[in-house]
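S.K.: Could you have a look at this structure, given as structure tokens, before my questions?
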Amino acid sequence: MEQIAASELTQLVREQAVLGLADFDEVVRLYRPRVFRFLLASLRDRDTAENLTQDCFLKAYLGRAHFRGDSSLSTWLMKIAMNLVRDHLRSKRLRFWTKTRDTALDPVDVSDWIPDGRSSPEAELIARTQVTYVWKAVSELPAKQRSVFVLRFVEEMELKEIAELTGMNPSTVKTHLYRALAAVRESMGGKS
Amino acid sequence: MTKETTTRQVQELYPESDAATKRDLEGLANSISHFRAAIHHVAGQETEPEWRLDQTQARRRSTHQRVMLEWAVAAAAAMVLCAAILMPVVGSYRDHAAQLQAQQREQLLQQRAADTALLDQVTNALSEGVPDSMRPLAELDTDYASYQTVETEKKNGRN
């Protein structure tokens, strides 16, 4: 009985997920911030992140017939975004003559955007410095470690979800995360 | 996500840490939570563009065309570069080949002249009635022949 109820529930979730694509504007409105944030943190370029966000939703729209609802809509979209990041980095490496765009985010700019609410100017300065260090350390991480770090600490995803998204097993995800964190910690002056 | 959640997430990766490490990790978690807040804030500041399928498709097409054009220009530049590098090499190879050919031609001419001279020498040697080495014998023979002629004439005169 319980088994039937569980399978019916899974089916319902799938259907809801598939139906979710019918109103695509709503899908864009709901998931755009997350996709954009992930792309921005991964690529550190506002224009590229914006363009790839659009591409992500275009791909999702064109491939909506292939979405079977095996994973959540969010995971599916993030998977597309991750593939776009990988393709972008690969083509950027191949197109070495392409000039670096001036829309690249500077870590100082990012630290300027820390929301207000620090208790004192000193605390604010410390927070800004910390953000600059983390931003720099994250930008120097290998692509896989960076993606896992961003998904875990910026997008607040569970390890299982990240494993599903990246196609790695959870222990590999944990290893990547551990290494990424060790690198960030080391760059912050702590022990690795 | 709160700072505490980040701390928990960070500490999960270091399960057997002492008090000093825990303090260190708390500081790290604090920095990461600031980083997350900054990213969320930066992303939130972006004005959300209207989702237009046709516009996105057009932009994607133009990006694709631009990339193709870049590749074409890069390929052309690479070809020009290769030509610029190979031209002097081919030129020097051609010069070398021409020099070698001229040298071979000269050697052939010299060989021919030498052959002609040898042939002339052989022809001259063959055209002579008596070879040099046999000349003393031939002279003796001539002397003897002329002696016999004289003797014969004498005999005939007597008769």
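Convention: chains lettered A, B, ... in structure tokens order; per-chain residue numbering from 1; ligands numbered from 1 as shown.
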Give me, as a PyMOL selection string, the residues of chain B touching chain A, with the criterion being at most 10 Å (counting only C-alpha atoms).
M.R.: chain B and resi 1+5-6+9-10+12-14+21+24-25+27-46+48-57+59-60+63+67+70-71+74
